[in-house]
>>> print(open('protein00.tsv').read())   # TSV, C-alpha atoms and all ligand atoms
chain	number	residue	atom	x	y	z
A	1	MET	CA	-53.63	-55.54	-33.15
A	2	SER	CA	-50.71	-55.99	-30.86
A	3	LEU	CA	-47.80	-53.59	-30.47
A	4	LYS	CA	-44.44	-55.15	-30.76
A	5	PHE	CA	-41.42	-53.45	-29.22
A	6	SER	CA	-38.01	-54.45	-30.25
A	7	ARG	CA	-35.39	-54.89	-27.50
A	8	SER	CA	-33.53	-51.75	-28.62
A	9	SER	CA	-36.64	-49.55	-28.47
A	10	ILE	CA	-37.31	-50.72	-24.89
A	11	LEU	CA	-33.74	-49.84	-23.98
A	12	VAL	CA	-34.15	-46.34	-25.49
A	13	PHE	CA	-37.37	-45.86	-23.53
A	14	ILE	CA	-35.67	-46.82	-20.23
A	15	LEU	CA	-32.79	-44.44	-20.96
A	16	LEU	CA	-35.21	-41.57	-21.67
A	17	VAL	CA	-37.01	-42.15	-18.35
A	18	LEU	CA	-33.70	-42.22	-16.46
A	19	PHE	CA	-32.53	-39.01	-18.17
A	20	GLY	CA	-35.79	-37.26	-17.26
A	21	ILE	CA	-35.42	-38.19	-13.59
A	22	SER	CA	-31.79	-37.11	-13.39
A	23	ALA	CA	-32.46	-33.82	-15.20
A	24	ALA	CA	-35.16	-32.95	-12.70
A	25	LEU	CA	-32.70	-33.59	-9.89
A	26	VAL	CA	-29.72	-31.76	-11.38
A	27	PHE	CA	-31.24	-28.65	-12.95
A	28	PRO	CA	-33.06	-26.35	-10.53
A	29	THR	CA	-36.27	-24.75	-11.66
A	30	ILE	CA	-36.04	-21.21	-13.04
A	31	SER	CA	-37.90	-19.71	-10.08
A	32	ASP	CA	-35.18	-21.04	-7.72
A	33	ALA	CA	-32.51	-19.15	-9.66
A	34	GLN	CA	-34.28	-15.79	-9.38
A	35	SER	CA	-32.80	-13.80	-6.49
A	36	GLU	CA	-34.54	-11.20	-4.46
A	37	GLN	CA	-33.69	-7.53	-5.11
A	38	LYS	CA	-32.00	-5.91	-2.12
A	39	THR	CA	-31.33	-2.24	-1.49
A	40	LEU	CA	-28.71	-0.78	0.79
A	41	VAL	CA	-27.43	2.69	1.55
A	42	THR	CA	-23.68	3.29	1.62
A	43	HIS	CA	-22.14	5.55	4.23
A	44	THR	CA	-21.64	8.20	1.57
A	45	GLY	CA	-25.40	8.18	0.94
A	46	GLY	CA	-25.36	6.21	-2.30
A	47	ILE	CA	-28.20	3.73	-2.84
A	48	ILE	CA	-27.22	0.37	-4.25
A	49	THR	CA	-29.66	-2.25	-5.49
A	50	THR	CA	-28.37	-5.72	-6.03
A	51	THR	CA	-29.61	-9.27	-6.47
A	52	GLY	CA	-26.21	-10.55	-5.40
A	53	GLU	CA	-25.00	-11.44	-1.97
A	54	ILE	CA	-24.02	-8.52	0.25
A	55	ILE	CA	-20.40	-9.37	0.85
A	56	ASP	CA	-20.04	-8.95	4.54
A	57	PRO	CA	-19.53	-12.18	6.37
A	58	VAL	CA	-19.53	-10.76	9.87
A	59	TYR	CA	-22.21	-8.12	9.90
A	60	SER	CA	-24.80	-8.09	7.18
A	61	THR	CA	-25.78	-4.51	6.37
A	62	LEU	CA	-29.27	-5.80	5.71
A	63	LEU	CA	-29.70	-7.80	8.88
A	64	ASP	CA	-28.12	-5.19	11.11
A	65	PRO	CA	-28.55	-1.58	9.95
A	66	GLU	CA	-25.92	-0.49	12.48
A	67	TYR	CA	-23.30	-1.70	10.03
A	68	THR	CA	-24.31	0.37	7.03
A	69	GLU	CA	-21.57	2.72	8.18
A	70	SER	CA	-17.87	2.20	8.12
A	71	THR	CA	-16.13	2.38	11.49
A	72	VAL	CA	-12.82	2.93	9.70
A	73	GLU	CA	-11.85	6.48	8.80
A	74	PHE	CA	-9.51	6.14	5.89
A	75	ASP	CA	-8.67	8.82	3.36
A	76	PRO	CA	-6.35	7.42	0.65
A	77	MET	CA	-5.25	10.94	-0.33
A	78	LYS	CA	-4.20	11.75	3.24
A	79	PHE	CA	-2.56	8.35	3.71
A	80	LEU	CA	-0.56	8.85	0.52
A	81	ARG	CA	1.70	11.56	1.96
A	82	GLU	CA	1.36	10.83	5.69
A	83	PHE	CA	4.45	9.75	7.64
A	84	ASN	CA	4.46	8.94	11.34
A	85	TYR	CA	7.80	9.89	12.90
A	86	GLY	CA	6.68	8.98	16.43
A	87	LYS	CA	7.20	10.89	19.64
A	88	VAL	CA	10.80	12.08	19.43
A	89	SER	CA	13.23	12.47	22.34
A	90	LYS	CA	17.01	12.26	22.91
A	91	LEU	CA	18.71	9.61	25.02
A	92	PRO	CA	21.72	10.64	27.22
A	93	ASP	CA	24.11	9.16	24.62
A	94	GLY	CA	22.61	11.36	21.90
A	95	THR	CA	20.55	8.62	20.25
A	96	THR	CA	17.17	9.73	18.89
A	97	LEU	CA	14.34	7.74	20.46
A	98	ARG	CA	11.14	7.42	18.46
A	99	GLU	CA	8.15	6.08	20.36
A	100	PHE	CA	5.01	4.80	18.69
A	101	THR	CA	1.79	3.43	20.13
A	102	ILE	CA	0.20	0.87	17.87
A	103	ILE	CA	-3.17	-0.66	18.72
A	104	ALA	CA	-4.41	-3.81	16.99
A	105	GLU	CA	-8.15	-4.37	16.61
A	106	ASP	CA	-10.18	-6.92	14.69
A	107	ASP	CA	-13.74	-5.61	14.83
A	108	LYS	CA	-13.59	-2.61	12.47
A	109	ILE	CA	-15.85	-2.29	9.43
A	110	MET	CA	-14.38	-0.69	6.32
A	111	GLU	CA	-16.16	0.21	3.11
A	112	VAL	CA	-13.48	-1.47	1.03
A	113	SER	CA	-15.30	-0.68	-2.22
A	114	PRO	CA	-18.52	1.31	-2.73
A	115	GLY	CA	-21.26	-0.61	-0.96
A	116	VAL	CA	-18.98	-3.39	0.25
A	117	PHE	CA	-18.63	-3.37	4.03
A	118	PHE	CA	-15.96	-5.74	5.24
A	119	ASN	CA	-14.66	-6.67	8.66
A	120	VAL	CA	-11.00	-5.60	8.56
A	121	TRP	CA	-8.30	-6.12	11.16
A	122	THR	CA	-6.35	-2.95	11.80
A	123	PHE	CA	-3.25	-1.34	13.25
A	124	ASN	CA	-4.34	2.05	14.61
A	125	GLY	CA	-7.70	1.79	12.93
A	126	THR	CA	-6.83	1.71	9.23
A	127	VAL	CA	-5.72	-0.58	6.40
A	128	PRO	CA	-2.86	-0.17	5.78
A	129	GLY	CA	-1.61	0.78	9.24
A	130	PRO	CA	0.38	3.99	9.78
A	131	THR	CA	3.62	4.53	7.85
A	132	ILE	CA	6.33	4.37	10.49
A	133	ARG	CA	9.42	6.40	9.66
A	134	ALA	CA	12.84	6.77	11.31
A	135	THR	CA	16.47	7.49	10.48
A	136	GLU	CA	19.09	4.75	10.43
A	137	GLY	CA	20.43	4.19	13.96
A	138	ASP	CA	17.45	5.72	15.79
A	139	LEU	CA	16.03	3.68	18.63
A	140	ILE	CA	12.48	2.62	17.79
A	141	ARG	CA	10.13	1.79	20.63
A	142	ILE	CA	6.70	0.43	19.76
A	143	ASN	CA	4.19	0.27	22.59
A	144	PHE	CA	1.97	-2.43	21.12
A	145	ILE	CA	-1.50	-3.00	22.55
A	146	ASN	CA	-3.73	-5.81	21.38
A	147	ASN	CA	-7.33	-4.66	21.74
A	148	GLY	CA	-8.51	-7.39	19.37
A	149	SER	CA	-10.36	-10.58	20.21
A	150	LYS	CA	-7.60	-12.71	18.67
A	151	PRO	CA	-3.87	-12.92	19.35
A	152	HIS	CA	-1.75	-10.52	17.26
A	153	THR	CA	1.86	-9.36	17.00
A	154	MET	CA	3.98	-6.90	15.04
A	155	HIS	CA	6.68	-8.43	12.90
A	156	PHE	CA	9.03	-5.93	11.28
A	157	HIS	CA	11.24	-6.80	8.34
A	158	GLY	CA	14.75	-5.43	8.93
A	159	ILE	CA	17.52	-6.15	11.41
A	160	HIS	CA	16.73	-6.69	15.12
A	161	PRO	CA	17.16	-9.16	18.01
A	162	ALA	CA	15.22	-12.45	17.80
A	163	GLU	CA	12.89	-11.60	20.68
A	164	MET	CA	11.82	-8.41	18.84
A	165	ASP	CA	10.75	-10.37	15.78
A	166	GLY	CA	7.07	-10.64	16.73
A	167	VAL	CA	6.81	-14.32	15.87
A	168	PHE	CA	7.17	-16.41	19.04
A	169	GLU	CA	6.02	-13.76	21.54
A	170	ILE	CA	2.31	-13.99	20.82
A	171	VAL	CA	0.31	-11.11	22.32
A	172	GLY	CA	-3.11	-12.29	23.48
A	173	GLN	CA	-6.38	-10.40	23.86
A	174	GLY	CA	-5.80	-7.29	25.98
A	175	GLY	CA	-2.05	-7.97	26.01
A	176	ARG	CA	0.82	-5.54	25.51
A	177	PHE	CA	4.34	-5.86	24.19
A	178	THR	CA	7.16	-3.36	23.77
A	179	TYR	CA	9.21	-3.79	20.62
A	180	GLU	CA	12.54	-1.99	20.76
A	181	PHE	CA	15.26	-2.03	18.13
A	182	ARG	CA	17.65	0.16	16.17
A	183	ALA	CA	16.27	1.41	12.85
A	184	GLY	CA	17.98	-0.39	10.00
A	185	PRO	CA	18.91	-1.12	7.37
A	186	VAL	CA	18.13	1.94	5.22
A	187	GLY	CA	15.16	1.29	2.96
A	188	ILE	CA	11.47	0.53	2.88
A	189	HIS	CA	10.27	-2.50	4.81
A	190	PRO	CA	6.93	-4.06	5.62
A	191	TYR	CA	5.55	-4.73	9.05
A	192	HIS	CA	2.70	-7.13	9.63
A	193	CYS	CA	1.08	-9.41	12.16
A	194	HIS	CA	2.75	-12.83	12.35
A	195	VAL	CA	0.12	-14.98	14.08
A	196	MET	CA	-1.22	-18.15	12.45
A	197	PRO	CA	-3.11	-18.53	10.21
A	198	LEU	CA	-0.79	-15.90	8.81
A	199	GLU	CA	-2.65	-15.56	5.52
A	200	GLU	CA	-5.81	-14.48	7.32
A	201	HIS	CA	-4.04	-12.09	9.72
A	202	ILE	CA	-2.39	-10.38	6.76
A	203	VAL	CA	-5.19	-10.24	4.20
A	204	ARG	CA	-7.59	-8.86	6.81
A	205	GLY	CA	-5.37	-5.78	6.93
A	206	LEU	CA	-2.69	-6.07	9.63
A	207	TYR	CA	0.22	-4.56	7.69
A	208	GLY	CA	1.96	-1.30	6.95
A	209	VAL	CA	5.14	0.39	5.78
A	210	TYR	CA	8.30	1.05	7.81
A	211	ILE	CA	10.77	3.48	6.22
A	212	VAL	CA	14.38	3.91	7.36
A	213	ASP	CA	16.03	7.06	5.98
A	214	PRO	CA	19.77	7.28	5.44
A	215	LYS	CA	21.50	9.60	7.95
A	216	GLU	CA	22.47	11.96	5.13
A	217	GLY	CA	18.86	11.95	3.89
A	218	ARG	CA	17.66	11.73	0.32
A	219	PRO	CA	17.25	14.65	-2.11
A	220	ALA	CA	14.10	16.75	-1.52
A	221	ALA	CA	11.07	15.29	-3.29
A	222	ASP	CA	7.29	15.04	-3.25
A	223	GLU	CA	7.14	11.77	-1.31
A	224	MET	CA	4.35	9.20	-1.28
A	225	VAL	CA	3.57	5.72	-0.01
A	226	MET	CA	1.72	3.14	-2.06
A	227	VAL	CA	0.79	-0.16	-0.49
A	228	LEU	CA	-0.42	-2.49	-3.23
A	229	ASN	CA	-3.15	-4.58	-1.65
A	230	GLY	CA	-6.45	-6.34	-2.16
A	231	PHE	CA	-9.40	-7.77	-0.26
A	232	ASP	CA	-10.81	-11.27	-0.39
A	233	THR	CA	-14.32	-10.44	0.69
A	234	ASP	CA	-15.83	-13.87	-0.02
A	235	PHE	CA	-13.09	-16.05	1.48
A	236	ASP	CA	-12.36	-18.09	-1.64
A	237	THR	CA	-8.62	-17.26	-1.43
A	238	GLU	CA	-8.92	-14.93	-4.41
A	239	ASN	CA	-8.95	-11.16	-4.14
A	240	ASN	CA	-12.19	-9.44	-5.11
A	241	SER	CA	-10.58	-6.02	-5.44
A	242	TYR	CA	-7.08	-4.61	-5.92
A	243	ALA	CA	-5.70	-1.16	-5.28
A	244	ALA	CA	-2.86	1.09	-4.35
A	245	ASN	CA	-3.81	2.01	-0.76
A	246	SER	CA	-6.90	-0.14	-0.32
A	247	ILE	CA	-9.70	1.60	-2.21
A	248	PRO	CA	-10.21	0.39	-5.82
A	249	PHE	CA	-10.01	3.13	-8.50
A	250	TYR	CA	-9.55	5.82	-5.83
A	251	TYR	CA	-6.65	7.66	-7.49
A	252	GLN	CA	-8.31	7.31	-10.87
A	253	ASN	CA	-11.40	9.13	-9.58
A	254	ASN	CA	-9.23	11.48	-7.48
A	255	PRO	CA	-6.01	12.04	-9.48
A	256	ILE	CA	-2.82	12.68	-7.53
A	257	GLN	CA	-1.74	16.28	-8.15
A	258	ILE	CA	1.97	16.67	-8.92
A	259	ASN	CA	4.14	19.27	-10.66
A	260	THR	CA	6.30	19.21	-13.75
A	261	ASN	CA	10.06	19.16	-13.17
A	262	GLU	CA	9.67	18.10	-9.56
A	263	LEU	CA	11.18	14.92	-8.18
A	264	ILE	CA	8.52	12.39	-7.15
A	265	ARG	CA	9.57	9.61	-4.79
A	266	ILE	CA	7.22	6.71	-4.13
A	267	TYR	CA	7.77	4.08	-1.48
A	268	VAL	CA	6.03	1.01	-2.95
A	269	LEU	CA	5.21	-2.18	-1.02
A	270	ASN	CA	3.37	-5.18	-2.42
A	271	MET	CA	1.12	-6.82	0.19
A	272	VAL	CA	-1.21	-8.61	-2.24
A	273	GLU	CA	-1.80	-12.13	-0.99
A	274	PHE	CA	-2.87	-15.20	-3.04
A	275	ASP	CA	-1.57	-13.89	-6.40
A	276	PRO	CA	2.11	-14.69	-6.91
A	277	ILE	CA	3.00	-11.35	-8.49
A	278	ASN	CA	1.99	-7.76	-8.77
A	279	ASN	CA	3.49	-5.00	-10.89
A	280	LEU	CA	3.56	-1.25	-11.47
A	281	HIS	CA	3.60	0.48	-14.82
A	282	LEU	CA	3.90	4.25	-15.27
A	283	HIS	CA	2.66	6.04	-18.41
A	284	GLY	CA	4.56	8.60	-20.45
A	285	ASN	CA	7.69	8.24	-18.39
A	286	LEU	CA	10.30	5.92	-16.90
A	287	TYR	CA	11.47	5.77	-13.32
A	288	TYR	CA	14.61	4.96	-11.39
A	289	TYR	CA	14.11	1.91	-9.20
A	290	TYR	CA	15.86	1.13	-5.91
A	291	PRO	CA	14.91	-2.44	-4.84
A	292	THR	CA	14.09	-2.46	-1.09
A	293	GLY	CA	15.49	1.09	-1.05
A	294	THR	CA	18.68	-0.22	0.55
A	295	ASP	CA	20.99	1.52	-1.91
A	296	THR	CA	21.19	5.19	-2.79
A	297	VAL	CA	22.11	4.30	-6.38
A	298	PRO	CA	19.24	3.00	-8.54
A	299	SER	CA	19.42	-0.49	-10.05
A	300	PHE	CA	17.07	0.06	-12.97
A	301	TYR	CA	15.62	2.70	-15.23
A	302	THR	CA	12.32	1.26	-16.35
A	303	ASP	CA	8.55	1.72	-16.59
A	304	MET	CA	7.70	-1.69	-15.13
A	305	ILE	CA	8.64	-3.55	-11.97
A	306	THR	CA	7.35	-6.93	-10.84
A	307	LEU	CA	6.90	-7.57	-7.14
A	308	SER	CA	6.23	-10.76	-5.18
A	309	GLN	CA	4.71	-10.82	-1.66
A	310	THR	CA	6.30	-8.16	0.61
A	311	GLU	CA	8.72	-7.13	-2.17
A	312	ARG	CA	9.18	-3.39	-2.17
A	313	GLY	CA	11.31	-0.54	-3.35
A	314	ILE	CA	11.59	3.15	-4.11
A	315	ILE	CA	10.73	4.66	-7.47
A	316	GLU	CA	11.78	8.16	-8.53
A	317	PHE	CA	10.76	10.21	-11.55
A	318	GLU	CA	9.98	13.68	-12.87
A	319	TYR	CA	7.44	14.66	-15.51
A	320	GLU	CA	8.52	17.08	-18.19
A	321	TYR	CA	5.11	17.52	-19.84
A	322	PRO	CA	1.90	18.45	-18.00
A	323	GLY	CA	-1.25	16.35	-18.35
A	324	LYS	CA	-2.92	13.18	-17.16
A	325	TYR	CA	-0.88	10.01	-16.87
A	326	LEU	CA	-2.05	6.59	-15.77
A	327	PHE	CA	-0.20	4.30	-13.41
A	328	HIS	CA	-1.46	0.78	-12.86
A	329	ALA	CA	-0.80	-2.92	-12.61
A	330	HIS	CA	0.01	-4.30	-16.05
A	331	LYS	CA	-1.61	-7.48	-14.84
A	332	VAL	CA	-4.88	-6.43	-16.46
A	333	GLU	CA	-7.07	-8.40	-14.07
A	334	PHE	CA	-5.70	-6.29	-11.20
A	335	SER	CA	-6.12	-2.95	-12.96
A	336	GLU	CA	-9.67	-3.84	-14.02
A	337	LYS	CA	-10.49	-4.68	-10.41
A	338	GLY	CA	-9.24	-1.35	-9.10
A	339	TRP	CA	-5.43	-1.11	-9.14
A	340	VAL	CA	-5.21	1.92	-11.39
A	341	GLY	CA	-4.64	5.61	-10.75
A	342	ILE	CA	-3.84	8.92	-12.44
A	343	PHE	CA	-1.14	11.51	-11.92
A	344	GLN	CA	-2.42	14.95	-12.84
A	345	VAL	CA	0.82	16.72	-13.76
A	346	ASN	CA	0.46	20.50	-13.43
A	347	ASP	CA	2.80	23.23	-14.60
A	348	ASN	CA	5.23	23.83	-11.79
A	349	PRO	CA	4.40	27.22	-10.22
A	350	GLN	CA	8.10	27.66	-9.40
A	351	ASP	CA	8.99	27.37	-13.09
A	352	GLN	CA	6.44	30.05	-13.96
A	353	LYS	CA	7.86	32.31	-11.26
A	354	SER	CA	11.44	31.94	-12.50
A	355	GLU	CA	10.26	32.41	-16.10
A	356	SER	CA	8.45	35.66	-15.24
A	357	VAL	CA	11.58	36.84	-13.44
A	358	GLU	CA	13.60	36.08	-16.57
A	359	TYR	CA	11.12	37.84	-18.83
A	360	GLY	CA	10.91	40.79	-16.46
A	361	SER	CA	14.66	41.31	-16.31
B	1	CU	CU	-2.91	-10.97	13.88
>>> encode(input="protein00.tsv", output="structure tokens", more="lines below")
Ligand SMILES: [Cu+2]
Amino acid sequence: MSLKFSRSSILVFILLVLFGISAALVFPTISDAQSEQKTLVTHTGGIITTTGEIIDPVYSTLLDPEYTESTVEFDPMKFLREFNYGKVSKLPDGTTLREFTIIAEDDKIMEVSPGVFFNVWTFNGTVPGPTIRATEGDLIRINFINNGSKPHTMHFHGIHPAEMDGVFEIVGQGGRFTYEFRAGPVGIHPYHCHVMPLEEHIVRGLYGVYIVDPKEGRPAADEMVMVLNGFDTDFDTENNSYAANSIPFYYQNNPIQINTNELIRIYVLNMVEFDPINNLHLHGNLYYYYPTGTDTVPSFYTDMITLSQTERGIIEFEYEYPGKYLFHAHKVEFSEKGWVGIFQVNDNPQDQKSESVEYGS
């Protein structure tokens, strides 16, 4: 008995053989896909087990145990209300001189999220750098020292001579530069490194806030700084985490304590790279918004602002009712990756004092 194959059945057979070969090439075996379990200890003592990659391109915490600890000391709660007014002196003509020493480095390790150790580039050892604050017309002198391994500069937004712009005067390794200019205009401005590739020098952390107060001042308030930022820890030009002041979910886990019937003023700067917009939504309240803080009269009364790269402004509000209120990016991807916090609004002790005086009288 002889087997007879039709032409079409031979063709089907050939196709099946070809498919089998290609499938073996394309699909890896299951054992290849299984990753090894790794354990690491965070600097706060937490033990993390993961089958994923340890996201630290420069120093693997597994290969080099020296880098299981952050070399950056950054406390988001301290940073929130910390303003650096510089070393103050008077010039013969009566001008206030404010001197700052800013040191750039690019070898610091920061725990940018629990268990994630990332090589950040820093001004004075933190991301963001210090909040520099002056009054309109003051003379600002920045003694800039580059202790990094790469060239860096300081580029301030605001008004100043061309040679103080920190763009063409590149400061090399071990180099120094003195930036000197009059503080102005009134408002909140960013400063950041302006060396190419700019994207990398910014997203690694070389940025901060520069506040110029009006000569007459602003009304007394509980003042804060929020730098909206993120980290791209796997270099795919997408941020892996988002936050106000670097650490994802920090102010959700550690609510910001404020009082009822007390003016809150927040200097907000968006330094998120890669994503075209960021935004800020406040719960249970609305706020007055001063874009760039250049005017003393607010432009909006809203609960939502949208900010592009380096866009910034001042928001002001008071809470009438005590309790917990969220603030967060209304871009849900950002809030779910860390850009969310809580205001714990407490009864104002001053109100209670005045009430008891009233009752007592
Ligand atoms: Cu730089």
>>> closest_atom_pairs(input="protein00.tsv", of="chain A", to="ligand CU 1 (chain B)", cutoff="7 Å", atoms="all atoms listed in the file", output="CSV")
residue,atom,partner,partner_atom,distance
A:Lys150,CA,B:CU1,CU,6.9
A:Pro151,CA,B:CU1,CU,5.9
A:His152,CA,B:CU1,CU,3.6
A:Thr153,CA,B:CU1,CU,5.9
A:Cys193,CA,B:CU1,CU,4.6
A:His194,CA,B:CU1,CU,6.2
A:Val195,CA,B:CU1,CU,5.0
A:His201,CA,B:CU1,CU,4.5
A:Leu206,CA,B:CU1,CU,6.5
>>> atom_distance(input="protein00.tsv", atom1="atom CA of Ile266 of chain A", atom2="atom CA of Pro349 of chain A")
21.6 Å
>>> atom_distance(input="protein00.tsv", atom1="atom CA of Ser241 of chain A", atom2="atom CA of Met110 of chain A")
13.5 Å
>>> residues_around(input="protein00.tsv", residues="segment 280-286 of chain A", least_positions_apart="2", cutoff="6 Å", atoms="only C-alpha atoms", output="list in words")
Thr302, Asp303, Met304, Ile305, Tyr325, Leu326, Phe327, His328 and Ala329 of chain A
>>> atom_distance(input="protein00.tsv", atom1="atom CA of His157 of chain A", atom2="atom CA of Ala220 of chain A")
25.7 Å
>>> residues_around(input="protein00.tsv", residues="Tyr288 of chain A", least_positions_apart="3", cutoff="12 Å", atoms="all atoms listed in the file", output="VMD selection string")
chain A and resid 263 to 266 282 285 291 293 295 to 305 313 to 318
>>> closest_residue(input="protein00.tsv", among="A:Val167, A:Ala104, A:Ala221, A:Ala183", to="Arg81 of chain A", atoms="all atoms listed in the file")
A:Ala221
>>> residues_near_point(input="protein00.tsv", point="(-7.7, 9.2, -14.8)", cutoff="9 Å", atoms="all atoms listed in the file", output="list in words")
Tyr251, Gln252, Asn253, Asn254, Pro255, Lys324, Tyr325, Leu326, Val340, Gly341, Ile342, Phe343 and Gln344 of chain A
>>> residues_around(input="protein00.tsv", residues="Glu73 of chain A", least_positions_apart="5", cutoff="12 Å", atoms="all atoms listed in the file", output="VMD selection string")
chain A and resid 43 78 to 79 108 to 112 122 124 to 129
>>> write_last_selection(input="protein00.tsv", atoms="C-alpha atoms", output="PDB file, keeping the file's coordinate frame")
ATOM      1  CA  HIS A  43     -22.140   5.550   4.230  1.00  0.00           C
ATOM      2  CA  LYS A  78      -4.200  11.750   3.240  1.00  0.00           C
ATOM      3  CA  PHE A  79      -2.560   8.350   3.710  1.00  0.00           C
ATOM      4  CA  LYS A 108     -13.590  -2.610  12.470  1.00  0.00           C
ATOM      5  CA  ILE A 109     -15.850  -2.290   9.430  1.00  0.00           C
ATOM      6  CA  MET A 110     -14.380  -0.690   6.320  1.00  0.00           C
ATOM      7  CA  GLU A 111     -16.160   0.210   3.110  1.00  0.00           C
ATOM      8  CA  VAL A 112     -13.480  -1.470   1.030  1.00  0.00           C
ATOM      9  CA  THR A 122      -6.350  -2.950  11.800  1.00  0.00           C
ATOM     10  CA  ASN A 124      -4.340   2.050  14.610  1.00  0.00           C
ATOM     11  CA  GLY A 125      -7.700   1.790  12.930  1.00  0.00           C
ATOM     12  CA  THR A 126      -6.830   1.710   9.230  1.00  0.00           C
ATOM     13  CA  VAL A 127      -5.720  -0.580   6.400  1.00  0.00           C
ATOM     14  CA  PRO A 128      -2.860  -0.170   5.780  1.00  0.00           C
ATOM     15  CA  GLY A 129      -1.610   0.780   9.240  1.00  0.00           C
TER      16      GLY A 129
END
>>> residues_around(input="protein00.tsv", residues="Gly184 of chain A", least_positions_apart="2", cutoff="7 Å", atoms="only C-alpha atoms", output="NGL selection string")
:A and (136-137 or 158-159 or 182 or 186 or 212)
>>> axis_aligned_box(input="protein00.tsv", around="segment 201-207 of chain A", padding_each_side="5 Å", output="lines of an AutoDock Vina configuration file")
center_x = -3.7
center_y = -8.3
center_z = 7.0
size_x = 17.8
size_y = 17.5
size_z = 15.5
